[in-house]
$ cat coords-v3.pdb   # PDB, C-alpha atoms
ATOM      1  CA  MET A   1       4.815 -15.343  -4.172
ATOM      2  CA  ARG A   2       1.019 -15.560  -4.165
ATOM      3  CA  ILE A   3      -0.533 -12.127  -3.705
ATOM      4  CA  GLY A   4      -4.204 -11.557  -2.980
ATOM      5  CA  ILE A   5      -5.530  -8.098  -3.787
ATOM      6  CA  LEU A   6      -8.580  -6.676  -2.040
ATOM      7  CA  GLY A   7     -10.033  -4.202  -4.514
ATOM      8  CA  ALA A   8     -10.252  -3.891  -8.270
ATOM      9  CA  GLY A   9      -9.517  -0.206  -8.873
ATOM     10  CA  GLY A  10      -6.495   1.579 -10.253
ATOM     11  CA  MET A  11      -4.054   0.764  -7.456
ATOM     12  CA  ALA A  12      -5.048  -2.916  -7.491
ATOM     13  CA  ASP A  13      -4.585  -3.032 -11.265
ATOM     14  CA  ALA A  14      -1.292  -1.118 -11.374
ATOM     15  CA  LEU A  15       0.466  -2.950  -8.525
ATOM     16  CA  GLY A  16      -1.006  -6.320  -9.520
ATOM     17  CA  THR A  17       0.186  -5.878 -13.107
ATOM     18  CA  GLN A  18       3.702  -4.974 -11.977
ATOM     19  CA  TRP A  19       3.889  -7.914  -9.564
ATOM     20  CA  ARG A  20       2.727 -10.288 -12.309
ATOM     21  CA  ARG A  21       5.516  -8.926 -14.522
ATOM     22  CA  ALA A  22       7.944  -9.700 -11.700
ATOM     23  CA  GLY A  23       6.758 -13.339 -11.697
ATOM     24  CA  HIS A  24       4.305 -13.339  -8.793
ATOM     25  CA  GLN A  25       0.895 -15.035  -8.906
ATOM     26  CA  VAL A  26      -1.881 -12.513  -8.271
ATOM     27  CA  MET A  27      -5.592 -12.891  -7.507
ATOM     28  CA  THR A  28      -7.629  -9.698  -7.566
ATOM     29  CA  SER A  29     -10.996  -9.481  -5.829
ATOM     30  CA  GLY A  30     -13.996  -7.496  -6.864
ATOM     31  CA  ARG A  31     -14.874  -7.217 -10.527
ATOM     32  CA  THR A  32     -12.274  -9.695 -11.709
ATOM     33  CA  SER A  33     -10.986 -13.056 -10.553
ATOM     34  CA  GLY A  34     -12.316 -13.683  -7.055
ATOM     35  CA  SER A  35     -14.169 -12.553  -3.983
ATOM     36  CA  PHE A  36     -12.615 -10.720  -1.050
ATOM     37  CA  ALA A  37     -12.647 -13.961   0.943
ATOM     38  CA  GLN A  38     -10.946 -15.870  -1.887
ATOM     39  CA  ALA A  39      -8.236 -13.225  -2.291
ATOM     40  CA  MET A  40      -7.567 -13.186   1.471
ATOM     41  CA  GLU A  41      -7.250 -16.961   1.518
ATOM     42  CA  TYR A  42      -5.145 -17.073  -1.671
ATOM     43  CA  GLY A  43      -2.401 -14.639  -0.783
ATOM     44  CA  ASP A  44       0.843 -15.265   1.071
ATOM     45  CA  ALA A  45       0.677 -11.470   1.129
ATOM     46  CA  VAL A  46      -2.517  -9.451   0.700
ATOM     47  CA  LEU A  47      -2.813  -5.896  -0.625
ATOM     48  CA  LEU A  48      -5.621  -3.773   0.831
ATOM     49  CA  ALA A  49      -6.553  -1.478  -2.070
ATOM     50  CA  VAL A  50     -10.103  -0.310  -1.373
ATOM     51  CA  PRO A  51     -11.381   3.140  -0.389
ATOM     52  CA  SER A  52     -10.449   3.768   3.240
ATOM     53  CA  HIS A  53     -14.087   4.018   4.342
ATOM     54  CA  ALA A  54     -14.610   0.402   3.161
ATOM     55  CA  ALA A  55     -11.390  -1.094   4.533
ATOM     56  CA  LEU A  56     -12.757  -2.432   7.804
ATOM     57  CA  ASP A  57     -15.813  -3.840   6.006
ATOM     58  CA  VAL A  58     -13.820  -6.066   3.620
ATOM     59  CA  VAL A  59     -11.176  -7.507   5.975
ATOM     60  CA  ASP A  60     -11.739 -10.159   8.617
ATOM     61  CA  GLU A  61      -9.954 -12.517  10.997
ATOM     62  CA  SER A  62      -9.063 -14.903   8.150
ATOM     63  CA  LEU A  63      -6.076 -12.563   7.702
ATOM     64  CA  LYS A  64      -4.719 -13.426  11.158
ATOM     65  CA  GLY A  65      -0.959 -13.914  10.887
ATOM     66  CA  LYS A  66      -0.842 -12.966   7.187
ATOM     67  CA  VAL A  67       1.158 -10.116   5.707
ATOM     68  CA  LEU A  68      -1.302  -7.345   4.841
ATOM     69  CA  ILE A  69      -0.083  -4.338   2.860
ATOM     70  CA  ASP A  70      -2.250  -1.264   3.440
ATOM     71  CA  CYS A  71      -2.034   1.251   0.578
ATOM     72  CA  THR A  72      -5.223   3.093   1.516
ATOM     73  CA  ASN A  73      -5.433   6.809   2.035
ATOM     74  CA  PRO A  74      -7.791   8.356   4.564
ATOM     75  CA  SER A  75     -10.536  10.625   3.378
ATOM     76  CA  VAL A  76     -10.054  14.231   4.378
ATOM     77  CA  GLY A  77     -13.279  14.366   6.391
ATOM     78  CA  GLY A  78     -12.881  11.115   8.316
ATOM     79  CA  GLU A  79      -9.925   9.048   9.405
ATOM     80  CA  LEU A  80      -7.464  11.929   9.726
ATOM     81  CA  THR A  81      -8.998  12.976  13.032
ATOM     82  CA  ASP A  82      -8.991   9.505  14.597
ATOM     83  CA  ASP A  83      -6.643   8.683  17.452
ATOM     84  CA  TYR A  84      -4.677   6.096  15.517
ATOM     85  CA  PRO A  85      -4.083   5.269  11.866
ATOM     86  CA  LEU A  86      -6.328   3.105   9.742
ATOM     87  CA  ALA A  87      -3.431   0.652   9.351
ATOM     88  CA  GLU A  88      -3.450   0.031  13.121
ATOM     89  CA  ARG A  89      -7.224  -0.379  13.167
ATOM     90  CA  VAL A  90      -6.983  -2.960  10.377
ATOM     91  CA  ALA A  91      -4.278  -4.816  12.322
ATOM     92  CA  ALA A  92      -6.392  -4.809  15.488
ATOM     93  CA  ALA A  93      -9.497  -6.014  13.639
ATOM     94  CA  THR A  94      -7.772  -8.843  11.763
ATOM     95  CA  GLY A  95      -4.647  -9.966  13.615
ATOM     96  CA  ALA A  96      -2.771  -9.481  10.326
ATOM     97  CA  ARG A  97       0.865  -8.393  10.217
ATOM     98  CA  VAL A  98       0.167  -5.005   8.615
ATOM     99  CA  VAL A  99       2.672  -2.887   6.717
ATOM    100  CA  LYS A 100       1.667   0.571   5.459
ATOM    101  CA  ALA A 101       3.173   1.159   2.009
ATOM    102  CA  PHE A 102       2.474   2.344  -1.551
ATOM    103  CA  ASN A 103       0.084   5.125  -0.480
ATOM    104  CA  LEU A 104       2.094   8.239  -1.340
ATOM    105  CA  CYS A 105       2.106   8.061  -5.138
ATOM    106  CA  HIS A 106      -0.552   8.440  -7.781
ATOM    107  CA  VAL A 107      -1.605   5.249  -9.539
ATOM    108  CA  ASP A 108       0.179   6.357 -12.734
ATOM    109  CA  VAL A 109       3.521   6.167 -10.919
ATOM    110  CA  TRP A 110       2.872   2.478 -10.200
ATOM    111  CA  ARG A 111       2.254   1.872 -13.898
ATOM    112  CA  MET A 112       5.828   2.956 -14.683
ATOM    113  CA  THR A 113       8.358   0.179 -15.299
ATOM    114  CA  PRO A 114      10.346   1.002 -13.227
ATOM    115  CA  PRO A 115       9.392   4.241 -11.464
ATOM    116  CA  VAL A 116      12.589   6.276 -11.779
ATOM    117  CA  PHE A 117      12.804  10.041 -11.441
ATOM    118  CA  GLY A 118      15.892  12.053 -12.312
ATOM    119  CA  GLY A 119      17.866   8.812 -12.517
ATOM    120  CA  ARG A 120      16.846   7.789  -8.985
ATOM    121  CA  PRO A 121      14.519   4.883  -8.227
ATOM    122  CA  LEU A 122      11.373   5.822  -6.358
ATOM    123  CA  ALA A 123      11.664   5.370  -2.591
ATOM    124  CA  VAL A 124       8.728   3.680  -0.859
ATOM    125  CA  PRO A 125       8.337   4.299   2.894
ATOM    126  CA  LEU A 126       7.227   1.283   4.942
ATOM    127  CA  CYS A 127       5.741   1.348   8.439
ATOM    128  CA  GLY A 128       5.242  -1.892  10.315
ATOM    129  CA  ASP A 129       6.032  -3.765  13.517
ATOM    130  CA  ASP A 130       6.732  -7.269  12.209
ATOM    131  CA  GLU A 131      10.213  -7.762  10.743
ATOM    132  CA  GLU A 132       9.211 -10.787   8.639
ATOM    133  CA  ALA A 133       6.267  -8.875   7.162
ATOM    134  CA  LEU A 134       8.533  -5.912   6.448
ATOM    135  CA  ALA A 135      10.997  -8.232   4.668
ATOM    136  CA  VAL A 136       8.181  -9.528   2.423
ATOM    137  CA  VAL A 137       7.073  -5.992   1.552
ATOM    138  CA  ARG A 138      10.675  -4.846   0.971
ATOM    139  CA  ARG A 139      10.992  -7.629  -1.606
ATOM    140  CA  LEU A 140       7.768  -6.564  -3.322
ATOM    141  CA  VAL A 141       8.990  -2.939  -3.396
ATOM    142  CA  GLU A 142      12.306  -4.025  -4.914
ATOM    143  CA  ASP A 143      10.475  -6.192  -7.477
ATOM    144  CA  LEU A 144       8.947  -2.946  -8.802
ATOM    145  CA  GLY A 145      12.409  -1.407  -9.205
ATOM    146  CA  CYS A 146      11.935   0.814  -6.159
ATOM    147  CA  THR A 147      13.890   1.336  -2.948
ATOM    148  CA  PRO A 148      12.226   0.479   0.373
ATOM    149  CA  PHE A 149      12.681   3.014   3.186
ATOM    150  CA  ASP A 150      12.002   1.883   6.735
ATOM    151  CA  GLY A 151       9.727   4.483   8.301
ATOM    152  CA  GLY A 152       9.342   2.962  11.757
ATOM    153  CA  GLY A 153       6.604   1.057  13.516
ATOM    154  CA  LEU A 154       2.971   0.792  12.517
ATOM    155  CA  ALA A 155       2.016   3.680  14.807
ATOM    156  CA  ARG A 156       4.004   5.900  12.413
ATOM    157  CA  ALA A 157       1.616   4.928   9.597
ATOM    158  CA  ALA A 158      -0.419   7.921  10.740
ATOM    159  CA  LEU A 159       2.406  10.112   9.431
ATOM    160  CA  LEU A 160       2.215   8.452   6.011
ATOM    161  CA  GLU A 161      -1.556   8.866   5.985
ATOM    162  CA  VAL A 162      -1.494  12.594   6.753
ATOM    163  CA  THR A 163       1.465  13.130   4.417
ATOM    164  CA  ALA A 164      -0.573  11.572   1.625
ATOM    165  CA  ALA A 165      -3.545  13.823   2.393
ATOM    166  CA  PHE A 166      -1.288  16.889   2.401
ATOM    167  CA  MET A 167       0.596  15.993  -0.794
ATOM    168  CA  ILE A 168      -2.517  14.971  -2.706
ATOM    169  CA  GLY A 169      -4.122  18.279  -1.726
ATOM    170  CA  LEU A 170      -1.153  20.132  -3.238
ATOM    171  CA  TRP A 171      -1.300  18.081  -6.453
ATOM    172  CA  PHE A 172      -5.021  18.744  -6.839
ATOM    173  CA  LYS A 173      -4.277  22.476  -6.575
ATOM    174  CA  GLY A 174      -1.863  22.048  -9.504
ATOM    175  CA  LEU A 175       1.247  22.577  -7.373
ATOM    176  CA  ASP A 176       4.496  20.652  -7.748
ATOM    177  CA  ALA A 177       4.469  18.816  -4.429
ATOM    178  CA  GLN A 178       7.816  17.176  -5.201
ATOM    179  CA  ALA A 179       9.434  20.630  -5.101
ATOM    180  CA  ILE A 180       8.971  20.830  -1.316
ATOM    181  CA  ALA A 181      11.447  17.973  -0.767
ATOM    182  CA  PRO A 182      14.421  18.654  -3.062
ATOM    183  CA  PRO A 183      17.452  16.340  -2.928
ATOM    184  CA  VAL A 184      20.277  17.517  -0.732
TER     185      VAL A 184
END

$ encode --input "coords-v3.pdb" --output "C-alpha cells"
Amino acid sequence: MRIGILGAGGMADALGTQWRRAGHQVMTSGRTSGSFAQAMEYGDAVLLAVPSHAALDVVDESLKGKVLIDCTNPSVGGELTDDYPLAERVAAATGARVVKAFNLCHVDVWRMTPPVFGGRPLAVPLCGDDEEALAVVRRLVEDLGCTPFDGGGLARAALLEVTAAFMIGLWFKGLDAQAIAPPV
C-alpha cells in the first residue's frame, strides 16, 4: 500500500518506519521526502500526524474520498471543549474517509516490533464510519503486530481524544496509567 504521512515528527517517523518494514511504500511530508500536497496525493491511505492545532491548516479537499488516519491528540486548552472531535472536523473539511486511531500510545510504543505487553499484542481502538476505510486501517494495525478494536463511529472519536488527554496527564504525573485498566 502507498501511505502518505502528513508530518515529520516522532509519530510520523515511528509509524512510517514500521509500515516500511511491513512492505508498504511511505512518503513523509515536512522535513523529509515531500510536501503536504505531495503526501496527500501519493497515499492510498494518509496519516495525519501533525499537532492538532495545525491539522485543519495542512489538509484540504484533495483528500476527498481517501482514507485518512487521524492520530492527533487535542491540546488540553483547545479542542477538548469543542462540540465535536477534531477527527469529525477534518472529515467535514476534506471529504476524506477518516478513521481515528494510533493516538493513545506514546511514540516509543510504536517503535516496538511488535508492541506486545505481558504476552498480549497491543490493542488499537478505531473509530470511523466507512467500513472500507476501517478495513484498510485494520490491516495497517495488524501489519504492526497489533489487534484492531472497533470503537464505533467517528462521533466516538471524541472519547478517544479525551481518553488520550486523561491518560497522558497521568503519565506526565509519573503515574502508571495502565494500572487503571487491569485485565479481567

$ residues_around --input "coords-v3.pdb" --residues "Leu6 in chain A" --least-positions-apart "5" --cutoff "9 Å" --atoms "only C-alpha atoms" --output "ChimeraX atom specification"
/A:12,27-30,35-37,39-40,46-50,58-59

$ closest_residue --input "coords-v3.pdb" --among "A:Arg111, A:Gly118, A:Val99, A:Val137" --to "Gly152 in chain A" --atoms "all atoms listed in the file"
A:Val99

$ resolve_selection --input "coords-v3.pdb" --expression "the PyMOL selection byres ((chain A and resi 151) around 9)" --output "PyMOL selection string"
chain A and resi 125-128+149-150+152-154+156-157+160

$ atom_distance --input "coords-v3.pdb" --atom1 "CA of Asp60 in chain A" --atom2 "CA of Asp130 in chain A"
19.0 Å

$ atom_distance --input "coords-v3.pdb" --atom1 "CA of Tyr42 in chain A" --atom2 "CA of Thr94 in chain A"
16.0 Å

$ decode --input "coords-v3.pdb" --residues "range 24-36 of chain A" --atoms "N, CA and C atoms" --output "PDB file, in the first residue's frame"
ATOM      1  N   HIS A  24       5.169  -1.681   3.017  1.00  0.00           N
ATOM      2  CA  HIS A  24       4.416  -0.583   2.406  1.00  0.00           C
ATOM      3  C   HIS A  24       5.374   0.488   1.880  1.00  0.00           C
ATOM      4  N   GLN A  25       4.904   1.259   0.911  1.00  0.00           N
ATOM      5  CA  GLN A  25       5.657   2.393   0.376  1.00  0.00           C
ATOM      6  C   GLN A  25       5.160   3.638   1.101  1.00  0.00           C
ATOM      7  N   VAL A  26       6.083   4.413   1.658  1.00  0.00           N
ATOM      8  CA  VAL A  26       5.713   5.544   2.506  1.00  0.00           C
ATOM      9  C   VAL A  26       6.373   6.823   2.011  1.00  0.00           C
ATOM     10  N   MET A  27       5.588   7.888   1.922  1.00  0.00           N
ATOM     11  CA  MET A  27       6.120   9.233   1.657  1.00  0.00           C
ATOM     12  C   MET A  27       5.755  10.114   2.841  1.00  0.00           C
ATOM     13  N   THR A  28       6.777  10.716   3.449  1.00  0.00           N
ATOM     14  CA  THR A  28       6.570  11.571   4.602  1.00  0.00           C
ATOM     15  C   THR A  28       6.746  13.027   4.185  1.00  0.00           C
ATOM     16  N   SER A  29       5.818  13.867   4.602  1.00  0.00           N
ATOM     17  CA  SER A  29       5.909  15.295   4.276  1.00  0.00           C
ATOM     18  C   SER A  29       6.735  16.022   5.311  1.00  0.00           C
ATOM     19  N   GLY A  30       6.951  17.273   5.059  1.00  0.00           N
ATOM     20  CA  GLY A  30       7.657  18.104   6.025  1.00  0.00           C
ATOM     21  C   GLY A  30       9.135  18.150   5.731  1.00  0.00           C
ATOM     22  N   ARG A  31       9.937  17.790   6.706  1.00  0.00           N
ATOM     23  CA  ARG A  31      11.388  17.917   6.587  1.00  0.00           C
ATOM     24  C   ARG A  31      12.012  16.897   5.651  1.00  0.00           C
ATOM     25  N   THR A  32      11.266  15.902   5.231  1.00  0.00           N
ATOM     26  CA  THR A  32      11.903  14.782   4.537  1.00  0.00           C
ATOM     27  C   THR A  32      11.529  14.721   3.065  1.00  0.00           C
ATOM     28  N   SER A  33      10.735  13.767   2.652  1.00  0.00           N
ATOM     29  CA  SER A  33      10.644  13.447   1.231  1.00  0.00           C
ATOM     30  C   SER A  33       9.657  14.248   0.393  1.00  0.00           C
ATOM     31  N   GLY A  34       8.718  14.940   0.950  1.00  0.00           N
ATOM     32  CA  GLY A  34       7.754  15.633   0.106  1.00  0.00           C
ATOM     33  C   GLY A  34       6.984  16.699   0.851  1.00  0.00           C
ATOM     34  N   SER A  35       6.158  17.412   0.111  1.00  0.00           N
ATOM     35  CA  SER A  35       5.307  18.427   0.707  1.00  0.00           C
ATOM     36  C   SER A  35       4.021  17.785   1.216  1.00  0.00           C
ATOM     37  N   PHE A  36       3.229  18.549   1.942  1.00  0.00           N
ATOM     38  CA  PHE A  36       1.927  18.043   2.383  1.00  0.00           C
ATOM     39  C   PHE A  36       1.083  17.654   1.176  1.00  0.00           C
TER      40      PHE A  36
END
